[in-house]
There are 2 protein chains.
Amino acid sequence: MRPPRISRAQVLDATFDLASEAGLAAVTMRAVAARLDVTPMALYRHVGDKQGLLDGLVERLMAEITVPDVAPEEDWRAVLRSMARNIRAVARRYPDVFVLLFQRRAVTEGAQGPRQVVFRALRAAGVPEGELAGTERMLSTFVYGFAASEAGGRFAGLNIEAEFDYTAGHVEKLIEALAADSR
Amino acid sequence: MRPPRISRAQVLDATFDLASEAGLAAVTMRAVAARLDVTPMALYRHVGDKQGLLDGLVERLMAEITVPDVAPEEDWRAVLRSMARNIRAVARRYPDVFVLLFQRRAVTEGAQGPRQVVFRALRAAGVPEGELAGTERMLSTFVYGFAASEAGGRFAGLNIEAEFDYTAGHVEKLIEALAADSR
DNA sequence: ACCTGAACACCGTTCAAGT
DNA sequence: ACCTGAACACCGTTCAAGT
């Protein structure tokens, strides 16, 4: 019987700080433990193992994806673009952690907040109810792919903002077409 | 003066085989060396370091992306779908290696063959010359994002073929719209 | 219940030496 | 030029022990 010296939240905070400052490669059980002035083995009770630590890191990353405070009914285009820009910014700040999103299906699990905002925006655009879920998945697949490409340097040498506007414009037309079909 | 016992090609072959059989985590300098009956240090002359080994692995992965033998002028939709299916198959077979594509910009470097095929298909669809490059990037970003999502399990619980058809259908409409605008 | 300490089986990489 | 051997500074994780 002993009072806990550290919590899962503290472990994840330390992990996230470490990843922000020194990248994913610096995230080791030992380094995280050192930050908390604790033995590596102390972490196992709180996060399971290294895999669990990384899952927690992805959780924290998802929490970084904030929701714009524009009302979706006002301007659905602005809402969607602002969400996409936010996701891209997160990808740029944590490029190596970001790709973990693809491997952990956390994209569907957590971040229900952002998803609801996208739903409202798509509804405001006139996308029929039955197409909402499919469209949201299509959209998020696109945005995450774009953000990962950008953060990984796949668009190196290009004008990325122009690239984004080009793509976003076409996706908006796609959404408009979906709305028009339903009428 | 001594005859070489191994070549870069052999090292990469062993690396690729190892990754296919046991996943990316099993790819260590020591394990690759053991496959070639050689000391770990022998690899350094041929691939530089671990990073260089992984770059070579991505090279090999790109080479797995084959080009359909349908003439693009015949049915551009079939060509694009067949390429997308092939990329998805590669992602499913090597899920953890596949995400490295996002981090190495190899997508733009190598694989010029597939890119040319996409160009021809888009031309056949009627996409104007000036929009070809941008459309191809948009398309590949989409396909790679979809493939990575699928391989990583982000679509778990969904009918993935239906999901693909849904998305592909909308992307085709997007391409048709691009072609129509130019007339 | 929670943490420590020592130990085990791994890593990538250096450096000097051998042929 | 090409490979080896020993060594260094790391890893994640186990297990028994302490409080």
# chains A, B, ... in the order shown; residues from 1 in each chain; ligands from 1

$ interface_residues --of "chain B" --to "chain C" --cutoff "9 Å" --atoms "only C-alpha atoms (C1' of nucleotides)" --output "VMD selection string"
chain B and resid 1 to 2 28 to 30 41 49 to 50

$ write_last_selection --atoms "C-alpha atoms" --output "short mmCIF file (atom, residue, chain, number, x, y, z; two decimals), in the first residue's frame"
data_model
loop_
_atom_site.label_atom_id
_atom_site.label_comp_id
_atom_site.auth_asym_id
_atom_site.auth_seq_id
_atom_site.Cartn_x
_atom_site.Cartn_y
_atom_site.Cartn_z
CA MET B 1 41.88 -6.05 -52.35
CA ARG B 2 39.18 -8.58 -52.05
CA THR B 28 17.38 -5.00 -38.19
CA MET B 29 20.92 -4.65 -39.47
CA ARG B 30 21.80 -7.79 -37.59
CA MET B 41 29.12 -4.28 -40.22
CA ASP B 49 23.28 2.98 -42.47
CA LYS B 50 19.86 1.86 -41.20
#

$ interface_residues --of "chain A" --to "chain B" --cutoff "6 Å" --atoms "only C-alpha atoms" --output "ChimeraX atom specification"
/A:102-103,105,141-142,145,149,152-154

$ atom_distance --atom1 "atom CA of Ala91 of chain B" --atom2 "atom CA of His46 of chain B"
26.9 Å

$ select_by_dssp --residues "chain B" --states "alpha helix (DSSP H)" --output "PyMOL selection string"
chain B and resi 8-22+29-35+41-47+50-63+76-93+95-98+100-104+106-109+112-125+132-152+160-181

$ atom_distance --atom1 "atom CA of Pro3 of chain A" --atom2 "atom CA of Tyr44 of chain A"
16.3 Å

$ atom_distance --atom1 "atom CA of Ala63 of chain B" --atom2 "atom CA of Leu18 of chain B"
16.5 Å

$ residues_around --residues "Tyr94 of chain B" --least-positions-apart "6" --cutoff "8 Å" --atoms "only C-alpha atoms (C1' of nucleotides)" --output "CSV table (one decimal) with all heavy atoms, in the first residue's frame"
chain,number,residue,atom,x,y,z
B,19,ALA,N,11.2,-8.3,-44.5
B,19,ALA,CA,10.0,-7.4,-44.2
B,19,ALA,C,8.7,-8.1,-44.6
B,19,ALA,O,7.7,-8.0,-43.9
B,19,ALA,CB,10.1,-6.1,-44.9
B,20,SER,N,8.7,-8.8,-45.7
B,20,SER,CA,7.6,-9.5,-46.2
B,20,SER,C,7.1,-10.6,-45.2
B,20,SER,O,6.0,-10.8,-45.0
B,20,SER,CB,7.8,-10.2,-47.6
B,20,SER,OG,8.4,-9.3,-48.4
B,23,GLY,N,7.6,-8.6,-41.1
B,23,GLY,CA,7.2,-7.2,-40.8
B,23,GLY,C,8.4,-6.3,-40.6
B,23,GLY,O,9.5,-6.8,-40.4

$ closest_residue --among "B:Leu132, B:Arg92, B:Arg45, B:Gln51" --to "Arg115 of chain B" --atoms "only C-alpha atoms"
B:Leu132

$ decode --residues "chain D" --atoms "N, CA and C atoms (P, O5', C5', C4', C3', O3' and C1' of nucleotides)" --output "short mmCIF file (atom, residue, chain, number, x, y, z; two decimals), in the first residue's frame"
data_model
loop_
_atom_site.label_atom_id
_atom_site.label_comp_id
_atom_site.auth_asym_id
_atom_site.auth_seq_id
_atom_site.Cartn_x
_atom_site.Cartn_y
_atom_site.Cartn_z
P DA D 1 40.17 1.51 -52.12
"O5'" DA D 1 39.48 0.11 -52.39
"C5'" DA D 1 38.73 -0.17 -53.55
"C4'" DA D 1 38.11 -1.54 -53.37
"C3'" DA D 1 36.75 -1.49 -52.68
"O3'" DA D 1 35.95 -2.53 -53.27
"C1'" DA D 1 38.25 -2.71 -51.33
P DC D 2 34.45 -2.70 -52.87
"O5'" DC D 2 34.59 -3.65 -51.61
"C5'" DC D 2 34.67 -5.05 -51.83
"C4'" DC D 2 34.90 -5.75 -50.52
"C3'" DC D 2 33.71 -5.73 -49.56
"O3'" DC D 2 33.17 -7.04 -49.58
"C1'" DC D 2 35.79 -5.42 -48.43
P DC D 3 31.86 -7.36 -48.69
"O5'" DC D 3 32.52 -7.78 -47.31
"C5'" DC D 3 33.01 -9.11 -47.17
"C4'" DC D 3 33.76 -9.23 -45.86
"C3'" DC D 3 32.88 -9.29 -44.62
"O3'" DC D 3 32.85 -10.65 -44.17
"C1'" DC D 3 34.82 -7.91 -44.32
P DT D 4 32.11 -10.96 -42.75
"O5'" DT D 4 33.28 -10.69 -41.70
"C5'" DT D 4 34.49 -11.45 -41.79
"C4'" DT D 4 35.34 -11.18 -40.56
"C3'" DT D 4 34.64 -11.45 -39.23
"O3'" DT D 4 35.51 -12.24 -38.43
"C1'" DT D 4 35.56 -9.26 -39.25
P DG D 5 34.95 -13.11 -37.24
"O5'" DG D 5 35.35 -12.20 -36.00
"C5'" DG D 5 36.51 -11.38 -36.07
"C4'" DG D 5 36.82 -10.82 -34.70
"C3'" DG D 5 35.88 -11.24 -33.58
"O3'" DG D 5 36.62 -11.42 -32.39
"C1'" DG D 5 35.65 -8.89 -33.98
P DA D 6 35.92 -11.77 -30.99
"O5'" DA D 6 36.07 -10.36 -30.23
"C5'" DA D 6 37.25 -9.57 -30.46
"C4'" DA D 6 37.10 -8.19 -29.82
"C3'" DA D 6 36.28 -8.18 -28.53
"O3'" DA D 6 36.87 -7.22 -27.65
"C1'" DA D 6 35.33 -6.68 -30.05
P DA D 7 36.33 -7.04 -26.11
"O5'" DA D 7 35.68 -5.58 -26.16
"C5'" DA D 7 36.43 -4.51 -26.75
"C4'" DA D 7 35.51 -3.31 -26.95
"C3'" DA D 7 34.63 -2.98 -25.75
"O3'" DA D 7 34.93 -1.67 -25.29
"C1'" DA D 7 33.39 -2.94 -27.79
P DC D 8 34.18 -1.04 -24.00
"O5'" DC D 8 33.06 -0.10 -24.64
"C5'" DC D 8 33.47 0.93 -25.57
"C4'" DC D 8 32.26 1.77 -25.93
"C3'" DC D 8 31.33 2.05 -24.76
"O3'" DC D 8 30.97 3.41 -24.73
"C1'" DC D 8 30.12 1.04 -26.54
P DA D 9 30.39 4.04 -23.33
"O5'" DA D 9 28.98 4.60 -23.80
"C5'" DA D 9 28.84 5.18 -25.10
"C4'" DA D 9 27.41 4.96 -25.59
"C3'" DA D 9 26.36 5.20 -24.49
"O3'" DA D 9 25.30 5.96 -25.05
"C1'" DA D 9 26.02 3.13 -25.51
P DC D 10 24.08 6.54 -24.13
"O5'" DC D 10 23.34 5.23 -23.62
"C5'" DC D 10 21.93 5.11 -23.76
"C4'" DC D 10 21.58 4.42 -25.07
"C3'" DC D 10 20.19 3.83 -25.05
"O3'" DC D 10 19.26 4.83 -25.46
"C1'" DC D 10 21.77 2.30 -26.01
P DC D 11 17.87 5.01 -24.68
"O5'" DC D 11 16.94 4.06 -25.53
"C5'" DC D 11 16.69 2.79 -25.04
"C4'" DC D 11 16.16 1.90 -26.12
"C3'" DC D 11 15.03 1.06 -25.58
"O3'" DC D 11 13.82 1.57 -26.10
"C1'" DC D 11 16.85 -0.35 -26.23
P DG D 12 12.58 1.81 -25.10
"O5'" DG D 12 12.00 0.33 -25.02
"C5'" DG D 12 11.53 -0.30 -26.20
"C4'" DG D 12 11.21 -1.75 -25.90
"C3'" DG D 12 10.12 -1.92 -24.84
"O3'" DG D 12 9.25 -2.97 -25.24
"C1'" DG D 12 12.13 -2.98 -24.12
P DT D 13 7.93 -3.33 -24.36
"O5'" DT D 13 8.53 -4.40 -23.34
"C5'" DT D 13 9.18 -5.54 -23.86
"C4'" DT D 13 9.67 -6.42 -22.73
"C3'" DT D 13 8.67 -6.57 -21.57
"O3'" DT D 13 8.38 -7.96 -21.43
"C1'" DT D 13 10.87 -6.14 -20.78
P DT D 14 7.27 -8.47 -20.37
"O5'" DT D 14 8.16 -9.32 -19.35
"C5'" DT D 14 9.09 -10.30 -19.82
"C4'" DT D 14 9.78 -10.94 -18.60
"C3'" DT D 14 8.89 -10.91 -17.37
"O3'" DT D 14 8.29 -12.19 -17.12
"C1'" DT D 14 11.09 -10.06 -16.87
P DC D 15 8.76 -13.33 -16.05
"O5'" DC D 15 10.26 -12.91 -15.67
"C5'" DC D 15 11.09 -13.71 -14.84
"C4'" DC D 15 11.42 -13.03 -13.53
"C3'" DC D 15 10.39 -13.25 -12.41
"O3'" DC D 15 10.94 -14.16 -11.47
"C1'" DC D 15 11.27 -11.03 -12.40
P DA D 16 10.09 -14.61 -10.18
"O5'" DA D 16 10.88 -13.88 -9.00
"C5'" DA D 16 12.31 -13.91 -8.98
"C4'" DA D 16 12.84 -12.93 -7.96
"C3'" DA D 16 12.19 -13.04 -6.57
"O3'" DA D 16 13.17 -12.81 -5.57
"C1'" DA D 16 11.88 -10.86 -7.40
P DA D 17 12.80 -13.01 -4.02
"O5'" DA D 17 12.95 -11.53 -3.47
"C5'" DA D 17 14.09 -10.73 -3.83
"C4'" DA D 17 13.79 -9.28 -3.53
"C3'" DA D 17 13.16 -9.05 -2.16
"O3'" DA D 17 14.16 -8.52 -1.28
"C1'" DA D 17 12.14 -7.72 -3.90
P DG D 18 13.85 -7.60 -0.05
"O5'" DG D 18 14.00 -6.18 -0.78
"C5'" DG D 18 14.17 -5.04 0.01
"C4'" DG D 18 13.17 -3.97 -0.40
"C3'" DG D 18 12.39 -3.37 0.79
"O3'" DG D 18 12.84 -2.04 0.99
"C1'" DG D 18 11.00 -3.72 -1.12
P DT D 19 12.52 -1.35 2.34
"O5'" DT D 19 11.04 -0.82 2.09
"C5'" DT D 19 10.82 0.56 1.76
"C4'" DT D 19 9.33 0.79 1.57
"C3'" DT D 19 8.54 0.80 2.89
"O3'" DT D 19 8.15 2.14 3.19
"C1'" DT D 19 7.41 -0.37 1.11
#
